[in-house]
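Beneath this line is the structure, given in structure tokens, with notes to follow.
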Amino acid sequence: MSATRKAYRAALLHSVADPADVGVEQSYQYFEDGLLVVDNGKISALGHAGDLLPTLAADIEVVHYQDALITPGFIDTHIHFPQTGMIGSYGEQLLDWLNTYTFPCEKQFADKDHADKVAKIFVEELLRNGTTTALVFGSVHPESVNAFFEEAERLDLRMIAGKVMMDRNAPDYLVDTAETGYTESKALIQRWHGKGRLHYAVTPRFAPTSTPEQLALAGQLLEEHPDVYMHTHLSENLKEIEWVKALFPERSGYLDVYDHFKLLGKRSVFAHGVHLCDSECERLHETESAVAFCPTSNLFLGSGLFNLPQAEKFKVKVGLGTDVGAGTSFSLLNTLNEAYKVMQLQGARLSPFKSLYLATLGGARALSLDDRIGTLEPGTDADFIVLDYKATPLLDYRIQQSNNIEETLFVLTTLGDDRTIRETYAAGRCVHQR
Ligand code: GUN
Ligand code: ZN
């Protein structure tokens with residue numbers, strides 16, 4: 001019997017569809033006493049413990065978790081690795097926040113030793129929070145991406161990252177050129193894309209910090225490497241949107257700038273999209289582009305309230321992003337807590353199962369990786385987490401009052417945080433234990 005085969009017994013829950021498409025009841029699968037079988041880094045079976053246990057060979061180790069729920073690992077569709085050290089910086093909105101705090105912090109990533117040190121802290125923080133896949137902004141320095149990917153590779157994580165391209169409207173110490181942005185990105189693609197479970201994302205910071213020449217070269221990189229990602233920011237802040245209009249007066253709007261340079265597509269993820277019009281949502285849908293909903297960041301920077309019902313109406317793919325360091329937590333549970341409030345402020349609801357979807361399968365679909373991650377389906381990567389119903393005295397007491405998994409799930413997303421993550425597994429290996 002393969003020594004890599006192992007089974008995990010606990011309550012099991014995963015999304016199988018978007019509640020917006022099939023209704024809440026059809027959107028998930030739940031086994032109150034479930035069994036997850038893992039073989040060679042992949043999930044090989046999932047079902048009721050009573051059905052599956054008799055089918056297992058006698059020598060297979062079964063880990064039995066009490067008072068615990070296994071779900072797929074969380075997927076963070078927008079986060080900045082070099083902003084780890086400036087999370088929680090006071091008082092500014094987007095453009096001043098970038099100049100005052102962000103750029104000086106990112107400057108330090110020219111130093112590989114610094115980048116290595118922060119990569120360890122950053123990846124550990126992801127895993128402590130149950131995030132097994134993230135779409136990650138580096139800094140402008142290739143060193144930042146090397147440091148991050150080296151750490152992700154060491155732990156055999158499925159991660160996506162790219163070096164920032166920015167050749168204007170930023171301090172001299174932090175810009176590349178259209179040409180070096182292209183050549184450095186290309187070298188990183190050649191070094192990292194497809195290595196283990198790593199993927200590269202072409203990463204122009206946002207329209208204001210790239211010249212048209214650089215955006216055109218970003219589009220060229222995507223044409224030359226059709227299976228890499230594109231990752232940028234879009235329509236986050238009203239002053240930012242005005243600035244884009246002034247810089248690109250010949251374009252019909254912010255999204256049209258990216259569209260013009262051929263940056264939309266099924267592996268393109270746009271962070272925020274707080275102020276989108278209907279025609280932009282239509283275009284995102286048509287091109288299978290995705291938006292990363294980043295509630296803690298949007299509230300912290302006072303950017304606005306993401307209109308999830310609008311995205312649903314136009315069938316735009318949506319994932320959840322922490323957007324650390326503008327976001328205030330690495331935890332997707334915390335992020336869902338704020339997402340719920342963002343919906344409340346707009347007179348809308350976020351059901352617990354939609355929350356689960358956003359943090360798992362929705363993120364996987366936003367990244368076109370739903371055949372590999374985001375569910376507990378047999379054949380997918382064994383990236384899963386064990387949530388602890390007794391993580392804190394209050395959570396324990398509150399869950400004792402819960403009547404069903406829907407209520408329990410809502411309590412987990414409202415009260416949960418890093419303490420709730422008992423264990424994190426990546427490719428079948430335990431990579432975090434609280
Ligand atoms: N827009 C351009 N750069 C950034 C960034 O670093 N963070 C956020 N939230 N928005 C941006
Ligand atoms: Zn961001």
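Numbering starts fresh at 1 for the residues of each chain in the structure tokens, the chains themselves are lettered A, B, ... in the order given, and ligands are numbered from 1 as they appear.
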
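The residues sitting within 8 Å of ligand 2, with only C-alpha atoms and all ligand atoms considered, come out as A:His78, A:Ile79, A:His80, A:Phe137, A:Thr232, A:His233, A:Ala271, A:His272, A:Asp323, A:Val324, A:Gly325, A:Ala326.
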
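For Arg154 in chain A, the residues within 12 Å (counting only C-alpha atoms, excluding itself and residues fewer than 5 positions away along the chain) are Ala119, Lys120, Val123, Ala147, Phe148, Phe149, Met159, Lys195, Gly196, Arg197, Leu198, Ala426 and Val431 of chain A.
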
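For the set A:Arg365, A:Lys107, A:His14, A:Arg205, the residue with the smallest atom-to-atom gap to ligand 1 is A:Arg205, counting only C-alpha atoms and all ligand atoms.
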
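For the pair CA of Ser44 in chain A and CA of Phe74 in chain A, the interatomic distance is 19.7 Å.
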
List every residue of chain A that has an atom at most 10 Å from any atom of ligand 1, giving for each one its closest atom pair and the distance in Å to one decimal, counting only C-alpha atoms and all ligand atoms, sorted by chain and then by ascending residue number, as JSON lines.
```
{"residue": "A:His78", "atom": "CA", "partner": "ligand 1", "partner_atom_place_in_ligand_line": "9 (N)", "distance": 9.3}
{"residue": "A:Ile79", "atom": "CA", "partner": "ligand 1", "partner_atom_place_in_ligand_line": "7 (N)", "distance": 8.5}
{"residue": "A:His80", "atom": "CA", "partner": "ligand 1", "partner_atom_place_in_ligand_line": "6 (O)", "distance": 6.9}
{"residue": "A:Phe81", "atom": "CA", "partner": "ligand 1", "partner_atom_place_in_ligand_line": "6 (O)", "distance": 10.0}
{"residue": "A:Pro82", "atom": "CA", "partner": "ligand 1", "partner_atom_place_in_ligand_line": "6 (O)", "distance": 9.2}
{"residue": "A:Gln83", "atom": "CA", "partner": "ligand 1", "partner_atom_place_in_ligand_line": "6 (O)", "distance": 7.7}
{"residue": "A:Gln93", "atom": "CA", "partner": "ligand 1", "partner_atom_place_in_ligand_line": "9 (N)", "distance": 9.4}
{"residue": "A:Leu94", "atom": "CA", "partner": "ligand 1", "partner_atom_place_in_ligand_line": "10 (N)", "distance": 6.3}
{"residue": "A:Leu95", "atom": "CA", "partner": "ligand 1", "partner_atom_place_in_ligand_line": "1 (N)", "distance": 7.7}
{"residue": "A:Trp97", "atom": "CA", "partner": "ligand 1", "partner_atom_place_in_ligand_line": "7 (N)", "distance": 8.5}
{"residue": "A:Leu98", "atom": "CA", "partner": "ligand 1", "partner_atom_place_in_ligand_line": "6 (O)", "distance": 6.4}
{"residue": "A:Asn99", "atom": "CA", "partner": "ligand 1", "partner_atom_place_in_ligand_line": "3 (N)", "distance": 9.9}
{"residue": "A:Tyr101", "atom": "CA", "partner": "ligand 1", "partner_atom_place_in_ligand_line": "6 (O)", "distance": 9.8}
{"residue": "A:Thr102", "atom": "CA", "partner": "ligand 1", "partner_atom_place_in_ligand_line": "6 (O)", "distance": 6.6}
{"residue": "A:Phe103", "atom": "CA", "partner": "ligand 1", "partner_atom_place_in_ligand_line": "6 (O)", "distance": 8.3}
{"residue": "A:Glu106", "atom": "CA", "partner": "ligand 1", "partner_atom_place_in_ligand_line": "6 (O)", "distance": 9.3}
{"residue": "A:Phe137", "atom": "CA", "partner": "ligand 1", "partner_atom_place_in_ligand_line": "6 (O)", "distance": 8.3}
{"residue": "A:Gly138", "atom": "CA", "partner": "ligand 1", "partner_atom_place_in_ligand_line": "6 (O)", "distance": 9.8}
{"residue": "A:Ser139", "atom": "CA", "partner": "ligand 1", "partner_atom_place_in_ligand_line": "6 (O)", "distance": 9.2}
{"residue": "A:Val164", "atom": "CA", "partner": "ligand 1", "partner_atom_place_in_ligand_line": "3 (N)", "distance": 9.5}
{"residue": "A:Met166", "atom": "CA", "partner": "ligand 1", "partner_atom_place_in_ligand_line": "3 (N)", "distance": 9.9}
{"residue": "A:Pro204", "atom": "CA", "partner": "ligand 1", "partner_atom_place_in_ligand_line": "2 (C)", "distance": 9.1}
{"residue": "A:Arg205", "atom": "CA", "partner": "ligand 1", "partner_atom_place_in_ligand_line": "2 (C)", "distance": 5.5}
{"residue": "A:Phe206", "atom": "CA", "partner": "ligand 1", "partner_atom_place_in_ligand_line": "2 (C)", "distance": 5.3}
{"residue": "A:Ala207", "atom": "CA", "partner": "ligand 1", "partner_atom_place_in_ligand_line": "2 (C)", "distance": 8.4}
{"residue": "A:Pro208", "atom": "CA", "partner": "ligand 1", "partner_atom_place_in_ligand_line": "2 (C)", "distance": 8.2}
{"residue": "A:Thr209", "atom": "CA", "partner": "ligand 1", "partner_atom_place_in_ligand_line": "2 (C)", "distance": 8.0}
{"residue": "A:Thr232", "atom": "CA", "partner": "ligand 1", "partner_atom_place_in_ligand_line": "2 (C)", "distance": 7.8}
{"residue": "A:His233", "atom": "CA", "partner": "ligand 1", "partner_atom_place_in_ligand_line": "1 (N)", "distance": 5.5}
{"residue": "A:Leu234", "atom": "CA", "partner": "ligand 1", "partner_atom_place_in_ligand_line": "1 (N)", "distance": 7.7}
{"residue": "A:Ser235", "atom": "CA", "partner": "ligand 1", "partner_atom_place_in_ligand_line": "1 (N)", "distance": 9.0}
{"residue": "A:Glu236", "atom": "CA", "partner": "ligand 1", "partner_atom_place_in_ligand_line": "10 (N)", "distance": 6.9}
{"residue": "A:Asn237", "atom": "CA", "partner": "ligand 1", "partner_atom_place_in_ligand_line": "10 (N)", "distance": 8.5}
{"residue": "A:Glu240", "atom": "CA", "partner": "ligand 1", "partner_atom_place_in_ligand_line": "1 (N)", "distance": 8.3}
{"residue": "A:Ala271", "atom": "CA", "partner": "ligand 1", "partner_atom_place_in_ligand_line": "10 (N)", "distance": 7.8}
{"residue": "A:His272", "atom": "CA", "partner": "ligand 1", "partner_atom_place_in_ligand_line": "9 (N)", "distance": 8.0}
{"residue": "A:Cys294", "atom": "CA", "partner": "ligand 1", "partner_atom_place_in_ligand_line": "9 (N)", "distance": 8.6}
{"residue": "A:Ser297", "atom": "CA", "partner": "ligand 1", "partner_atom_place_in_ligand_line": "9 (N)", "distance": 6.4}
{"residue": "A:Asn298", "atom": "CA", "partner": "ligand 1", "partner_atom_place_in_ligand_line": "9 (N)", "distance": 7.8}
{"residue": "A:Phe300", "atom": "CA", "partner": "ligand 1", "partner_atom_place_in_ligand_line": "9 (N)", "distance": 9.6}
{"residue": "A:Leu301", "atom": "CA", "partner": "ligand 1", "partner_atom_place_in_ligand_line": "9 (N)", "distance": 7.8}
{"residue": "A:Ser303", "atom": "CA", "partner": "ligand 1", "partner_atom_place_in_ligand_line": "9 (N)", "distance": 9.0}
{"residue": "A:Thr322", "atom": "CA", "partner": "ligand 1", "partner_atom_place_in_ligand_line": "9 (N)", "distance": 9.5}
{"residue": "A:Asp323", "atom": "CA", "partner": "ligand 1", "partner_atom_place_in_ligand_line": "9 (N)", "distance": 6.1}
{"residue": "A:Val324", "atom": "CA", "partner": "ligand 1", "partner_atom_place_in_ligand_line": "9 (N)", "distance": 7.8}
{"residue": "A:Gly325", "atom": "CA", "partner": "ligand 1", "partner_atom_place_in_ligand_line": "7 (N)", "distance": 7.2}
{"residue": "A:Ala326", "atom": "CA", "partner": "ligand 1", "partner_atom_place_in_ligand_line": "9 (N)", "distance": 5.2}
{"residue": "A:Gly327", "atom": "CA", "partner": "ligand 1", "partner_atom_place_in_ligand_line": "9 (N)", "distance": 7.4}
```

Restricted to N, CA and C atoms, what would the selected residues look like written as a compact mmCIF listing (two decimals), in the first residue's frame?
```txt
# COMPACT_ATOMS: atom_id res chain seq x y z
N HIS A 78 -6.13 38.26 -4.58
CA HIS A 78 -5.36 39.51 -4.73
C HIS A 78 -4.66 39.88 -3.42
N ILE A 79 -3.34 39.86 -3.46
CA ILE A 79 -2.56 40.21 -2.26
C ILE A 79 -1.18 40.69 -2.71
N HIS A 80 -0.57 41.58 -1.89
CA HIS A 80 0.76 42.14 -2.19
C HIS A 80 1.77 41.61 -1.18
N PHE A 81 2.69 40.78 -1.65
CA PHE A 81 3.74 40.25 -0.76
C PHE A 81 4.60 41.37 -0.15
N PRO A 82 5.06 42.38 -0.95
CA PRO A 82 5.99 43.37 -0.36
C PRO A 82 5.31 44.39 0.56
N GLN A 83 4.01 44.24 0.77
CA GLN A 83 3.32 45.18 1.66
C GLN A 83 3.05 44.58 3.04
N GLN A 93 -6.19 57.77 1.78
CA GLN A 93 -6.87 57.02 0.73
C GLN A 93 -5.85 56.62 -0.35
N LEU A 94 -6.31 55.90 -1.36
CA LEU A 94 -5.41 55.17 -2.26
C LEU A 94 -4.14 55.91 -2.70
N LEU A 95 -4.31 57.07 -3.39
CA LEU A 95 -3.13 57.64 -4.06
C LEU A 95 -2.12 58.18 -3.06
N TRP A 97 -1.90 57.11 0.05
CA TRP A 97 -1.44 55.89 0.75
C TRP A 97 -0.28 55.23 -0.02
N LEU A 98 -0.41 55.19 -1.34
CA LEU A 98 0.67 54.61 -2.15
C LEU A 98 1.97 55.40 -1.97
N ASN A 99 1.86 56.73 -2.08
CA ASN A 99 3.06 57.56 -2.01
C ASN A 99 3.66 57.60 -0.61
N TYR A 101 3.19 55.45 2.13
CA TYR A 101 3.57 54.21 2.81
C TYR A 101 4.07 53.10 1.89
N THR A 102 3.34 52.94 0.75
CA THR A 102 3.56 51.72 -0.05
C THR A 102 4.89 51.74 -0.78
N PHE A 103 5.14 52.83 -1.51
CA PHE A 103 6.36 52.85 -2.33
C PHE A 103 7.62 52.77 -1.47
N GLU A 106 8.02 49.12 -0.48
CA GLU A 106 8.38 48.21 -1.58
C GLU A 106 9.84 48.39 -2.04
N PHE A 137 1.00 40.00 -5.95
CA PHE A 137 1.84 41.07 -6.49
C PHE A 137 3.22 41.01 -5.83
N GLY A 138 4.28 41.02 -6.63
CA GLY A 138 5.61 41.28 -6.08
C GLY A 138 5.84 42.79 -6.07
N SER A 139 7.10 43.18 -5.95
CA SER A 139 7.47 44.58 -6.17
C SER A 139 8.02 44.66 -7.59
N VAL A 164 5.96 43.53 -10.46
CA VAL A 164 5.24 44.72 -10.89
C VAL A 164 5.95 45.33 -12.10
N MET A 166 6.08 48.95 -13.76
CA MET A 166 5.65 50.36 -13.66
C MET A 166 6.78 51.26 -14.10
N PRO A 204 1.19 44.51 -14.57
CA PRO A 204 1.27 45.98 -14.59
C PRO A 204 0.52 46.52 -13.36
N ARG A 205 1.15 47.43 -12.59
CA ARG A 205 0.55 47.81 -11.30
C ARG A 205 -0.87 48.33 -11.46
N PHE A 206 -1.04 49.38 -12.25
CA PHE A 206 -2.35 49.87 -12.69
C PHE A 206 -2.09 50.89 -13.79
N ALA A 207 -3.14 51.25 -14.52
CA ALA A 207 -2.94 52.07 -15.72
C ALA A 207 -2.11 53.33 -15.48
N PRO A 208 -2.29 54.06 -14.35
CA PRO A 208 -1.53 55.31 -14.18
C PRO A 208 -0.02 55.14 -14.11
N THR A 209 0.47 53.95 -13.71
CA THR A 209 1.92 53.81 -13.55
C THR A 209 2.59 53.07 -14.71
N THR A 232 -3.85 43.00 -12.30
CA THR A 232 -3.69 44.44 -12.12
C THR A 232 -4.83 44.98 -11.25
N HIS A 233 -4.88 46.30 -11.10
CA HIS A 233 -5.95 46.98 -10.36
C HIS A 233 -6.89 47.69 -11.33
N LEU A 234 -8.14 47.84 -10.92
CA LEU A 234 -9.15 48.47 -11.78
C LEU A 234 -10.20 49.19 -10.94
N SER A 235 -10.47 50.45 -11.28
CA SER A 235 -11.63 51.18 -10.72
C SER A 235 -11.82 50.95 -9.23
N GLU A 236 -10.79 51.37 -8.49
CA GLU A 236 -10.81 51.17 -7.04
C GLU A 236 -11.30 52.43 -6.34
N ASN A 237 -10.85 53.60 -6.85
CA ASN A 237 -11.00 54.86 -6.11
C ASN A 237 -11.38 55.96 -7.11
N GLU A 240 -8.54 58.04 -8.58
CA GLU A 240 -7.75 57.18 -9.48
C GLU A 240 -8.44 57.12 -10.85
N ALA A 271 -8.21 43.60 -9.65
CA ALA A 271 -8.54 43.83 -8.25
C ALA A 271 -9.48 45.03 -8.12
N HIS A 272 -10.49 44.85 -7.29
CA HIS A 272 -11.44 45.88 -6.84
C HIS A 272 -12.67 46.03 -7.74
N CYS A 294 -12.32 42.84 -2.63
CA CYS A 294 -11.39 43.03 -1.51
C CYS A 294 -12.01 43.91 -0.42
N SER A 297 -9.91 45.96 2.32
CA SER A 297 -9.16 47.04 1.70
C SER A 297 -10.09 48.18 1.29
N ASN A 298 -11.20 47.84 0.68
CA ASN A 298 -12.13 48.88 0.19
C ASN A 298 -12.68 49.71 1.34
N PHE A 300 -11.03 50.00 4.39
CA PHE A 300 -9.88 50.64 5.05
C PHE A 300 -9.44 51.89 4.30
N LEU A 301 -9.37 51.81 2.97
CA LEU A 301 -8.95 52.98 2.17
C LEU A 301 -10.14 53.88 1.81
N SER A 303 -12.54 53.27 -0.19
CA SER A 303 -12.66 53.26 -1.66
C SER A 303 -14.11 53.14 -2.12
N THR A 322 -7.65 39.58 -0.18
CA THR A 322 -7.37 40.32 1.06
C THR A 322 -6.78 41.69 0.74
N ASP A 323 -6.02 41.77 -0.37
CA ASP A 323 -5.31 43.01 -0.73
C ASP A 323 -4.44 43.54 0.40
N VAL A 324 -3.86 42.66 1.20
CA VAL A 324 -2.81 43.11 2.13
C VAL A 324 -1.74 43.81 1.31
N GLY A 325 -1.17 44.99 1.72
CA GLY A 325 -1.31 45.75 2.91
C GLY A 325 -2.41 46.81 2.97
N ALA A 326 -3.22 47.06 1.89
CA ALA A 326 -4.37 47.94 2.08
C ALA A 326 -5.45 47.17 2.82
N GLY A 327 -5.54 45.87 2.56
CA GLY A 327 -6.44 45.03 3.34
C GLY A 327 -5.86 44.86 4.73
```

Exercise. Counting only C-alpha atoms, what is within 8 Å of Val140 in chain A, bar same-chain residues fewer than 3 positions away, as a VMD selection string?
Worked result: chain A and resid 144 163 to 166 174 to 176

Problem set entry | Among the residues A:Ile241, A:Ala216, A:Val16, A:Ile87, the one that comes closest to Tyr28 in chain A [using only C-alpha atoms] | A:Val16

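Nearest to Val145 in chain A of all the residues A:Thr132, A:Asn404, A:Thr203, A:Thr375 is A:Thr203, based on only C-alpha atoms.
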
For this session: Run DSSP on the backbone of this structure and report the residues of range 189-340 of chain A it assigns to helix (DSSP H, G or I), as a VMD selection string.
Result: chain A and resid 189 to 192 207 to 209 212 to 224 238 to 247 254 to 260 278 to 286 295 to 300 308 to 313 332 to 340

Exercise. Any idea what's packed within 9 Å of range 310-320 of chain A, counting only C-alpha atoms, ignoring anything in its chain fewer than 5 positions away? Could you give it as a PyMOL selection string?
Worked result: chain A and resi 20-21+75-78+269+278+281-286+288-295+332+335-336+357-367

Problem set entry | From A:Gln26, A:Gln433, A:Ser331, A:Gln66, residue lying nearest Asp417 in chain A [only C-alpha atoms] | A:Ser331

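If only C-alpha atoms are the atoms counted, then among A:Arg422, A:Lys112, A:Arg429, A:Lys245 the closest residue to Asp383 in chain A is A:Arg429.
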
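In this comparison, which uses only C-alpha atoms, the residue of A:Asp371, A:Glu406, A:Asp418, A:Asp18 approaching Leu127 in chain A most closely is A:Asp418.
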
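Note that the spacing between CA of Arg434 in chain A and CA of Gly379 in chain A amounts to 27.4 Å.
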
Exercise. Near Arg9 in chain A, within 6 Å and counting only C-alpha atoms, which residues show up once chain neighbours fewer than 5 positions away are dropped, as a ChimeraX atom specification?
Worked result: /A:34-35,64

Problem set entry | Selection near Leu36 in chain A, 10 Å with only C-alpha atoms, sequence-local residues under 6 positions removed, as number ranges by chain | A: 6-12, 43-49, 52, 62-63, 70, 376-378, 382, 384

Exercise. Hey, what does DSSP flag as strand (DSSP E) within range 232-331 of chain A? Can you give it to me as an MDAnalysis selection string?
Worked result: chainID A and resid 232:234 268:272 290:293 317:320

Exercise. Glu338 in chain A: which residues within 9 Å, counting only C-alpha atoms, same-chain residues fewer than 6 positions away excluded, as an MDAnalysis selection string?
Worked result: chainID A and resid 295:296 299 414
